[in-house]
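Trainee: This is upload35.json (JSON, C-alpha atoms).
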[["chain", "number", "residue", "atom", "x", "y", "z"],
["A", 78, "MET", "CA", -36.26, -86.44, -39.36],
["A", 79, "PHE", "CA", -32.74, -87.09, -38.22],
["A", 80, "THR", "CA", -31.41, -84.32, -40.49],
["A", 81, "ARG", "CA", -33.84, -81.78, -39.02],
["A", 82, "LYS", "CA", -32.65, -82.68, -35.50],
["A", 83, "ILE", "CA", -29.02, -82.20, -36.51],
["A", 84, "LYS", "CA", -29.83, -78.76, -38.02],
["A", 85, "SER", "CA", -31.71, -77.76, -34.89],
["A", 86, "LEU", "CA", -28.82, -78.80, -32.67],
["A", 87, "LEU", "CA", -26.37, -76.90, -34.87],
["A", 88, "ALA", "CA", -28.56, -73.78, -34.73],
["A", 89, "VAL", "CA", -28.76, -73.93, -30.95],
["A", 90, "ALA", "CA", -25.02, -74.46, -30.69],
["A", 91, "LEU", "CA", -24.36, -71.52, -33.04],
["A", 92, "ALA", "CA", -26.65, -69.24, -31.06],
["A", 93, "GLY", "CA", -24.97, -70.26, -27.84],
["A", 94, "THR", "CA", -21.58, -69.57, -29.33],
["A", 95, "MET", "CA", -22.64, -66.09, -30.47],
["A", 96, "ILE", "CA", -24.04, -65.27, -27.03],
["A", 97, "LEU", "CA", -20.84, -66.51, -25.40],
["A", 98, "LEU", "CA", -18.70, -64.40, -27.74],
["A", 99, "ALA", "CA", -20.81, -61.34, -27.11],
["A", 100, "SER", "CA", -20.55, -61.92, -23.39],
["A", 101, "CYS", "CA", -16.80, -62.27, -23.65],
["A", 102, "GLY", "CA", -16.61, -59.09, -25.68],
["A", 103, "ASN", "CA", -18.54, -57.14, -23.09],
["A", 104, "SER", "CA", -16.41, -58.64, -20.36],
["A", 105, "THR", "CA", -13.24, -57.64, -22.22],
["A", 106, "GLU", "CA", -14.54, -54.09, -22.68],
["A", 107, "LYS", "CA", -15.43, -53.84, -18.99],
["A", 108, "ASN", "CA", -12.06, -55.24, -18.01],
["A", 109, "SER", "CA", -10.38, -52.73, -20.30],
["A", 110, "ASP", "CA", -12.31, -49.83, -18.73],
["A", 111, "SER", "CA", -11.56, -51.22, -15.30],
["A", 112, "GLN", "CA", -7.86, -51.40, -16.11],
["A", 113, "ALA", "CA", -7.95, -47.80, -17.39],
["A", 114, "VAL", "CA", -9.50, -46.65, -14.11],
["A", 115, "SER", "CA", -7.13, -48.72, -12.02],
["A", 116, "LYS", "CA", -4.12, -47.11, -13.69],
["A", 117, "ARG", "CA", -5.12, -43.63, -12.57],
["A", 118, "ILE", "CA", -2.02, -41.92, -11.23],
["A", 119, "GLY", "CA", -3.19, -38.35, -10.83],
["A", 120, "SER", "CA", -5.50, -35.54, -11.81],
["A", 121, "VAL", "CA", -5.40, -31.92, -12.87],
["A", 122, "ALA", "CA", -7.96, -29.21, -12.19],
["A", 123, "LEU", "CA", -9.04, -26.69, -14.81],
["A", 124, "ARG", "CA", -10.40, -23.51, -13.23],
["A", 125, "VAL", "CA", -12.10, -20.51, -14.78],
["A", 126, "ASN", "CA", -15.53, -20.18, -13.22],
["A", 127, "PRO", "CA", -16.42, -23.78, -14.02],
["A", 128, "GLU", "CA", -14.01, -26.01, -12.10],
["A", 129, "ILE", "CA", -13.36, -29.46, -13.56],
["A", 130, "SER", "CA", -11.03, -32.23, -12.42],
["A", 131, "VAL", "CA", -9.52, -34.50, -15.10],
["A", 132, "ALA", "CA", -8.04, -37.84, -13.99],
["A", 133, "TYR", "CA", -5.36, -39.56, -16.08],
["A", 134, "ASN", "CA", -3.34, -42.78, -16.22],
["A", 135, "ASP", "CA", 0.38, -43.42, -16.58],
["A", 136, "GLU", "CA", 0.16, -42.86, -20.32],
["A", 137, "GLY", "CA", -1.38, -39.40, -19.82],
["A", 138, "ASN", "CA", -4.78, -40.54, -21.10],
["A", 139, "VAL", "CA", -8.04, -39.58, -19.39],
["A", 140, "THR", "CA", -9.81, -42.02, -17.11],
["A", 141, "ALA", "CA", -12.52, -39.71, -15.71],
["A", 142, "ILE", "CA", -13.69, -36.11, -15.47],
["A", 143, "GLU", "CA", -15.62, -34.54, -12.61],
["A", 144, "GLY", "CA", -17.17, -31.11, -12.12],
["A", 145, "ARG", "CA", -16.07, -29.47, -8.88],
["A", 146, "ASN", "CA", -18.82, -26.83, -8.80],
["A", 147, "GLU", "CA", -22.26, -26.50, -10.35],
["A", 148, "ASP", "CA", -21.00, -24.89, -13.55],
["A", 149, "GLY", "CA", -18.26, -27.48, -13.82],
["A", 150, "ARG", "CA", -20.73, -30.35, -13.41],
["A", 151, "GLU", "CA", -22.86, -28.99, -16.25],
["A", 152, "ILE", "CA", -19.84, -28.78, -18.55],
["A", 153, "ALA", "CA", -18.67, -32.29, -17.59],
["A", 154, "LYS", "CA", -22.14, -33.71, -18.19],
["A", 155, "SER", "CA", -22.18, -32.32, -21.73],
["A", 156, "TYR", "CA", -18.84, -33.89, -22.67],
["A", 157, "LYS", "CA", -19.01, -37.45, -24.04],
["A", 158, "ASP", "CA", -16.47, -40.03, -25.20],
["A", 159, "TYR", "CA", -13.42, -38.70, -23.38],
["A", 160, "ILE", "CA", -12.18, -42.01, -21.90],
["A", 161, "GLY", "CA", -8.79, -42.94, -23.36],
["A", 162, "LYS", "CA", -8.16, -39.56, -25.02],
["A", 163, "SER", "CA", -4.99, -37.65, -24.21],
["A", 164, "THR", "CA", -5.35, -35.24, -21.30],
["A", 165, "THR", "CA", -4.04, -32.43, -23.51],
["A", 166, "ASN", "CA", -6.84, -32.93, -26.04],
["A", 167, "VAL", "CA", -9.51, -33.30, -23.37],
["A", 168, "MET", "CA", -8.41, -30.06, -21.66],
["A", 169, "ALA", "CA", -8.55, -28.24, -24.99],
["A", 170, "ASP", "CA", -12.04, -29.65, -25.63],
["A", 171, "LEU", "CA", -13.18, -28.50, -22.19],
["A", 172, "VAL", "CA", -11.91, -24.98, -22.88],
["A", 173, "LYS", "CA", -14.01, -24.88, -26.05],
["A", 174, "LEU", "CA", -17.08, -26.12, -24.18],
["A", 175, "ILE", "CA", -16.51, -23.51, -21.47],
["A", 176, "ASP", "CA", -16.21, -20.80, -24.10],
["A", 177, "ALA", "CA", -19.39, -22.00, -25.84],
["A", 178, "GLU", "CA", -21.24, -21.40, -22.57],
["A", 179, "GLY", "CA", -20.00, -17.79, -22.48],
["A", 180, "TYR", "CA", -17.54, -18.02, -19.59],
["A", 181, "LEU", "CA", -14.59, -16.63, -21.57],
["A", 182, "ILE", "CA", -16.33, -13.61, -23.08],
["A", 183, "GLU", "CA", -14.24, -10.51, -22.39],
["A", 184, "GLU", "CA", -16.53, -7.51, -22.04],
["A", 185, "THR", "CA", -13.68, -5.56, -20.46],
["A", 186, "GLU", "CA", -10.08, -6.25, -19.53],
["A", 187, "MET", "CA", -11.07, -6.27, -15.86],
["A", 188, "ASN", "CA", -13.60, -9.09, -16.06],
["A", 189, "LYS", "CA", -11.37, -11.27, -18.22],
["A", 190, "GLN", "CA", -10.63, -14.42, -16.23],
["A", 191, "ASN", "CA", -7.34, -16.21, -16.60],
["A", 192, "LEU", "CA", -7.38, -20.00, -16.60],
["A", 193, "ILE", "CA", -5.61, -22.01, -13.93],
["A", 194, "ILE", "CA", -4.28, -25.53, -14.39],
["A", 195, "GLU", "CA", -3.49, -27.15, -11.05],
["A", 196, "LEU", "CA", -1.73, -30.45, -10.46],
["A", 197, "GLU", "CA", -3.92, -31.87, -7.71],
["A", 198, "SER", "CA", -2.63, -33.28, -4.44],
["A", 199, "LYS", "CA", -0.75, -36.62, -4.46],
["A", 200, "SER", "CA", -0.71, -36.71, -8.26],
["A", 201, "ILE", "CA", 2.15, -38.15, -10.29],
["A", 202, "MET", "CA", 2.97, -36.78, -13.73],
["A", 203, "PRO", "CA", 3.32, -39.33, -16.54],
["A", 204, "ASN", "CA", 6.32, -37.38, -17.85],
["A", 205, "PRO", "CA", 8.28, -34.25, -16.84],
["A", 206, "GLU", "CA", 6.76, -32.11, -19.61],
["A", 207, "PHE", "CA", 3.18, -33.10, -18.83],
["A", 208, "LEU", "CA", 2.00, -29.78, -17.32],
["A", 209, "ILE", "CA", 3.80, -27.68, -19.92],
["A", 210, "GLY", "CA", 2.09, -29.70, -22.62],
["A", 211, "LEU", "CA", -1.30, -29.07, -21.00],
["A", 212, "GLN", "CA", -0.63, -25.34, -20.81],
["A", 213, "GLU", "CA", 0.42, -25.16, -24.45],
["A", 214, "GLY", "CA", -2.65, -27.17, -25.51],
["A", 215, "VAL", "CA", -4.99, -24.84, -23.61],
["A", 216, "GLU", "CA", -3.24, -21.75, -25.00],
["A", 217, "ASP", "CA", -3.59, -23.12, -28.55],
["A", 218, "ALA", "CA", -7.31, -23.67, -27.94],
["A", 219, "LEU", "CA", -7.66, -20.08, -26.70],
["A", 220, "LYS", "CA", -5.89, -18.76, -29.79],
["A", 221, "GLU", "CA", -8.19, -20.83, -31.97],
["A", 222, "LEU", "CA", -11.13, -19.20, -30.17],
["A", 223, "ASN", "CA", -9.51, -15.77, -30.57],
["A", 224, "ARG", "CA", -9.36, -15.32, -26.78],
["A", 225, "SER", "CA", -6.59, -13.50, -24.93],
["A", 226, "ASN", "CA", -7.08, -15.14, -21.50],
["A", 227, "GLY", "CA", -3.83, -16.11, -19.82],
["A", 228, "VAL", "CA", -3.00, -19.55, -18.42],
["A", 229, "THR", "CA", -1.26, -20.12, -15.07],
["A", 230, "LEU", "CA", 0.18, -23.41, -13.82],
["A", 231, "ILE", "CA", 0.10, -24.42, -10.15],
["A", 232, "ASP", "CA", 2.24, -27.43, -9.30],
["A", 233, "ASP", "CA", 3.71, -29.00, -6.15],
["A", 234, "ASP", "CA", 6.29, -26.22, -5.72],
["A", 235, "ASP", "CA", 3.65, -23.47, -5.54],
["A", 236, "TRP", "CA", 2.19, -24.35, -2.13],
["A", 237, "ASP", "CA", 3.29, -22.63, 1.08],
["A", 238, "ILE", "CA", 5.07, -25.35, 3.08],
["A", 239, "SER", "CA", 4.78, -23.33, 6.29],
["A", 240, "TYR", "CA", 1.11, -24.37, 6.42],
["A", 241, "SER", "CA", 1.77, -28.05, 5.68],
["A", 242, "LYS", "CA", 0.76, -30.54, 8.40],
["A", 243, "ASN", "CA", 1.38, -34.27, 8.89],
["A", 244, "GLY", "CA", 3.09, -34.59, 5.54],
["A", 245, "GLU", "CA", 0.01, -33.35, 3.67],
["A", 246, "ARG", "CA", 0.28, -30.63, 1.07],
["A", 247, "SER", "CA", -0.34, -27.09, 2.30],
["A", 248, "PRO", "CA", -3.86, -25.80, 1.59],
["A", 249, "TYR", "CA", -2.51, -22.38, 0.54],
["A", 250, "ILE", "CA", -0.51, -21.24, -2.46],
["A", 251, "THR", "CA", 2.55, -19.09, -1.88],
["A", 252, "LEU", "CA", 2.50, -15.29, -1.92],
["A", 253, "GLU", "CA", 4.89, -15.47, -4.88],
["A", 254, "LYS", "CA", 2.39, -17.53, -6.89],
["A", 255, "ALA", "CA", -0.44, -15.12, -5.96],
["A", 256, "THR", "CA", 1.76, -12.25, -7.17],
["A", 257, "GLU", "CA", 2.40, -14.07, -10.45],
["A", 258, "ILE", "CA", -1.34, -14.59, -10.94],
["A", 259, "ALA", "CA", -2.04, -10.90, -10.24],
["A", 260, "LEU", "CA", 0.60, -9.69, -12.69],
["A", 261, "LYS", "CA", -0.57, -12.08, -15.39],
["A", 262, "GLN", "CA", -4.17, -10.92, -14.90],
["A", 263, "THR", "CA", -3.19, -7.27, -15.30],
["A", 264, "GLY", "CA", -0.63, -7.87, -18.03],
["A", 265, "ILE", "CA", 1.99, -5.95, -16.04],
["A", 266, "ALA", "CA", 5.67, -6.94, -16.05],
["A", 267, "ALA", "CA", 7.16, -7.57, -12.62],
["A", 268, "SER", "CA", 9.92, -5.04, -13.35],
["A", 269, "THR", "CA", 7.43, -2.16, -13.73],
["A", 270, "ALA", "CA", 5.20, -2.94, -10.73],
["A", 271, "VAL", "CA", 5.85, -1.10, -7.46],
["A", 272, "PHE", "CA", 4.05, -2.99, -4.70],
["A", 273, "GLU", "CA", 2.56, -0.99, -1.85],
["A", 274, "ASP", "CA", 0.82, -3.88, -0.11],
["A", 275, "LYS", "CA", 1.25, -7.67, -0.05],
["A", 276, "GLU", "CA", -0.41, -9.57, 2.76],
["A", 277, "TYR", "CA", -2.38, -12.64, 3.79],
["A", 278, "ASP", "CA", -5.81, -11.93, 5.29],
["A", 279, "LEU", "CA", -9.22, -13.46, 5.98],
["A", 280, "ASP", "CA", -12.26, -12.07, 4.19],
["A", 281, "ASP", "CA", -15.35, -13.37, 6.00],
["A", 282, "GLY", "CA", -13.37, -16.50, 6.84],
["A", 283, "ARG", "CA", -12.03, -16.89, 3.31],
["A", 284, "PRO", "CA", -8.20, -16.92, 3.14],
["A", 285, "ILE", "CA", -6.97, -14.39, 0.60],
["A", 286, "TYR", "CA", -3.88, -12.52, -0.50],
["A", 287, "GLU", "CA", -4.39, -8.76, -0.79],
["A", 288, "LEU", "CA", -2.10, -7.21, -3.41],
["A", 289, "GLU", "CA", -1.80, -3.53, -4.30],
["A", 290, "PHE", "CA", 0.72, -2.03, -6.70],
["A", 291, "ILE", "CA", 1.30, 0.90, -9.06],
["A", 292, "ALA", "CA", 2.48, 0.54, -12.65],
["A", 293, "ASN", "CA", 2.65, 3.23, -15.32],
["A", 294, "GLY", "CA", 0.72, 5.64, -13.14],
["A", 295, "VAL", "CA", -2.16, 3.22, -12.54],
["A", 296, "ASN", "CA", -3.07, 1.73, -9.16],
["A", 297, "TYR", "CA", -4.08, -1.96, -9.12],
["A", 298, "GLU", "CA", -5.79, -3.79, -6.26],
["A", 299, "LEU", "CA", -6.45, -7.55, -6.39],
["A", 300, "ASP", "CA", -7.61, -10.17, -3.91],
["A", 301, "ILE", "CA", -6.49, -13.74, -4.72],
["A", 302, "ASP", "CA", -8.08, -16.82, -3.14],
["A", 303, "ALA", "CA", -5.21, -18.41, -1.21],
["A", 304, "ARG", "CA", -6.60, -21.94, -1.74],
["A", 305, "THR", "CA", -7.38, -21.89, -5.46],
["A", 306, "GLY", "CA", -5.56, -18.93, -6.98],
["A", 307, "LYS", "CA", -8.87, -17.56, -8.22],
["A", 308, "ILE", "CA", -9.20, -13.78, -8.51],
["A", 309, "ILE", "CA", -12.08, -12.58, -6.37],
["A", 310, "LYS", "CA", -11.46, -8.81, -6.55],
["A", 311, "TYR", "CA", -9.90, -6.68, -9.27],
["A", 312, "GLU", "CA", -9.92, -2.89, -9.16],
["A", 313, "ILE", "CA", -8.08, -0.27, -11.22],
["A", 314, "ASP", "CA", -7.63, 3.38, -10.21],
["A", 315, "SER", "CA", -6.04, 5.52, -12.93],
["A", 316, "SER", "CA", -6.03, 8.58, -10.66],
["A", 317, "ALA", "CA", -2.75, 7.55, -9.09],
["A", 318, "ASP", "CA", -0.90, 9.88, -11.47],
["A", 319, "ASP", "CA", -3.36, 12.69, -10.80],
["A", 320, "ASP", "CA", -2.90, 12.28, -7.05],
["A", 321, "ARG", "CA", 0.84, 12.35, -7.49],
["A", 322, "ASP", "CA", 0.56, 15.48, -9.65],
["A", 323, "ASP", "CA", -1.68, 17.09, -7.04],
["A", 324, "ASP", "CA", 0.88, 16.32, -4.36],
["A", 325, "ARG", "CA", 3.61, 17.74, -6.57],
["A", 326, "ASP", "CA", 1.51, 20.90, -7.19],
["A", 327, "ASP", "CA", 0.81, 21.21, -3.48],
["A", 328, "ASP", "CA", 4.50, 20.96, -2.71],
["A", 329, "ARG", "CA", 5.24, 23.55, -5.37],
["A", 330, "ASP", "CA", 2.56, 25.86, -3.98],
["A", 331, "ASP", "CA", 3.95, 25.41, -0.49],
["A", 332, "ASP", "CA", 7.42, 26.28, -1.71],
["A", 333, "TRP", "CA", 6.05, 29.35, -3.52],
["A", 334, "ASP", "CA", 4.16, 30.44, -0.40],
["A", 335, "ASP", "CA", 7.27, 29.93, 1.68],
["A", 336, "ASP", "CA", 9.32, 31.98, -0.76],
["A", 337, "ARG", "CA", 6.69, 34.71, -0.78],
["A", 338, "ASP", "CA", 6.60, 34.70, 3.02],
["A", 339, "ASP", "CA", 10.37, 34.81, 3.10],
["A", 340, "ASP", "CA", 10.35, 37.76, 0.69],
["A", 341, "ARG", "CA", 7.74, 39.51, 2.78],
["A", 342, "ASP", "CA", 9.77, 38.86, 5.92],
["A", 343, "TYR", "CA", 12.86, 40.05, 4.14],
["A", 344, "ASP", "CA", 11.12, 43.22, 2.98],
["A", 345, "TRP", "CA", 9.87, 43.80, 6.50],
["A", 346, "ASP", "CA", 13.35, 43.34, 7.82],
["A", 347, "ASP", "CA", 14.60, 45.78, 5.20],
["A", 348, "ASP", "CA", 11.95, 48.31, 6.16],
["A", 349, "TRP", "CA", 12.78, 47.83, 9.82],
["A", 350, "ASP", "CA", 16.47, 48.25, 9.09],
["A", 351, "ASP", "CA", 15.74, 51.32, 6.97],
["A", 352, "ASP", "CA", 13.59, 52.82, 9.69],
["A", 353, "ARG", "CA", 16.26, 52.12, 12.23],
["A", 354, "ASP", "CA", 18.90, 53.66, 10.02],
["A", 355, "ASP", "CA", 16.65, 56.66, 9.41],
["A", 356, "ASP", "CA", 16.09, 57.04, 13.12],
["A", 357, "ARG", "CA", 19.80, 56.81, 13.68],
["A", 358, "ASP", "CA", 20.43, 59.40, 10.98],
["A", 359, "ASP", "CA", 17.76, 61.66, 12.46],
["A", 360, "ASP", "CA", 19.30, 61.30, 15.89],
["A", 361, "ASP", "CA", 22.72, 62.14, 14.54],
["A", 362, "TRP", "CA", 21.34, 65.18, 12.73],
["A", 363, "ASP", "CA", 19.50, 66.35, 15.85],
["A", 364, "ASP", "CA", 22.68, 65.94, 17.89],
["A", 365, "ASP", "CA", 24.59, 68.02, 15.38],
["A", 366, "GLN", "CA", 21.92, 70.68, 15.46],
["A", 367, "PHE", "CA", 21.88, 70.68, 19.25],
["A", 368, "ARG", "CA", 25.62, 71.05, 19.44],
["A", 369, "ALA", "CA", 25.47, 73.80, 16.86],
["A", 370, "THR", "CA", 22.85, 75.81, 18.78],
["A", 371, "THR", "CA", 24.26, 75.26, 22.25],
["A", 372, "ALA", "CA", 27.94, 75.90, 21.50],
["A", 373, "PRO", "CA", 29.45, 78.76, 23.58],
["A", 374, "PRO", "CA", 29.77, 82.06, 21.73],
["A", 375, "THR", "CA", 33.10, 82.94, 20.25],
["A", 376, "PRO", "CA", 34.83, 85.36, 22.64],
["A", 377, "MET", "CA", 35.12, 88.92, 21.47],
["A", 378, "PRO", "CA", 38.65, 90.17, 20.89],
["A", 379, "THR", "CA", 40.10, 92.26, 23.71],
["A", 380, "PRO", "CA", 40.54, 95.92, 22.69],
["A", 381, "ALA", "CA", 44.09, 97.18, 22.57],
["A", 382, "PRO", "CA", 45.14, 99.59, 25.40]]
What does the file become when written as structure tokens?

Mentor:
Amino acid sequence: MFTRKIKSLLAVALAGTMILLASCGNSTEKNSDSQAVSKRIGSVALRVNPEISVAYNDEGNVTAIEGRNEDGREIAKSYKDYIGKSTTNVMADLVKLIDAEGYLIEETEMNKQNLIIELESKSIMPNPEFLIGLQEGVEDALKELNRSNGVTLIDDDDWDISYSKNGERSPYITLEKATEIALKQTGIAASTAVFEDKEYDLDDGRPIYELEFIANGVNYELDIDARTGKIIKYEIDSSADDDRDDDRDDDRDDDWDDDRDDDRDYDWDDDWDDDRDDDRDDDDWDDDQFRATTAPPTPMPTPAP
């Protein structure tokens, strides 16, 4: 009887110990997650059409992801077990998920969307090469997927300080960054692009940069969202060369017409001069004839006495 009581007490004690250990384990895990969240020092946004924000700690490991639009929320919802992974790996995984949903399919060069990686406001980088590492990781993922989409970085230096207020970061990227995005989208080198228009404008209240340039005989027109760097209009007109040739032909025709008119005027002048000379010659001849017919007769010789 006494032995059974001892066994029962030991069993209860063992069960209690196991419950306590389990509780401590859960508490440790929660504390660990809490510490990971508390160490968040910044976030980066990945933009294609889905827009996703990835938060990271001082070691560059992910603490949270959040979709910034409907497409981004769907992608974020489908991604599991990202806590504690390196931001570089998580960004590469997100690119693959975005591609799997068909957002990176390139039906034509014009509808190919470049990816933007933005260091979000008030973020601190865990190391100086952090953004470069993210870009290289995303580019490697694109190569693995056999995609040719470009990748553009937007960091603290790419915001127009003239629009900054109360120490807050400007809401608009610089015109130089918008130009870089446009050239990367078109695949045109800056040295070959001749810009005809670069300006800030509002399109139905949306701040944009309107860019227009010619390269290799092709006219490019792009509108870039001044807040996100997203391309919202992309048009190509290959008739720029034809128009230039037409202008050249028109100029050549004008020159030919002018030359022909000059020749005609010259011929007319020649005819006029010839007529005038002929008239002068005729007048001279008539004068000679008149003098010849009106000259006094030669006196007859006087007969000798």

Trainee: Using all atoms listed in the file, which of A:Ala303, A:Leu219, A:Asn134, A:Glu213 sits nearest Glu253 of chain A?

Mentor: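 Checking each candidate against Glu253 of chain A, we get A:Ala303 as the closest.
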
Trainee: When you look at Glu197 of chain A with a cut-off of 9 Å (counting all atoms listed in the file), what residues show up, excluding the ones that are within fewer than 3 positions of it in the same chain? I need them as a list in words.

Mentor: Gly119, Ser120, Val121, Ala122, Ser130, Ser200, Ile231, Asp232 and Asp233 of chain A

Trainee: What separation in Å, quoted to one decimal, exists between atom CA of Ile301 of chain A and atom CA of Ala267 of chain A?

Mentor: 16.9 Å

Trainee: So which one's closest to Glu178 of chain A, A:Glu276, A:Asp135, A:Glu245, A:Asp148? Using all atoms listed in the file, please.

Mentor: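 Between A:Glu276, A:Asp135, A:Glu245, A:Asp148, the residue approaching Glu178 of chain A most closely is A:Asp148.
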
Trainee: Ranking A:Gly210, A:Ala266, A:Glu136, A:Ile129 by minimum distance to Leu174 of chain A and counting only C-alpha atoms, which one comes first?

Mentor: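 The answer is A:Ile129, which sits nearest to Leu174 of chain A.
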
Trainee: Excluding Tyr159 of chain A and residues on its chain fewer than 5 positions from it, collect all residues at most 9 Å away from it, counting all atoms listed in the file, and give them as a list in words.

Mentor: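 Selected residues are Val139, Thr140, Ala141, Ile142 and Val167 of chain A.
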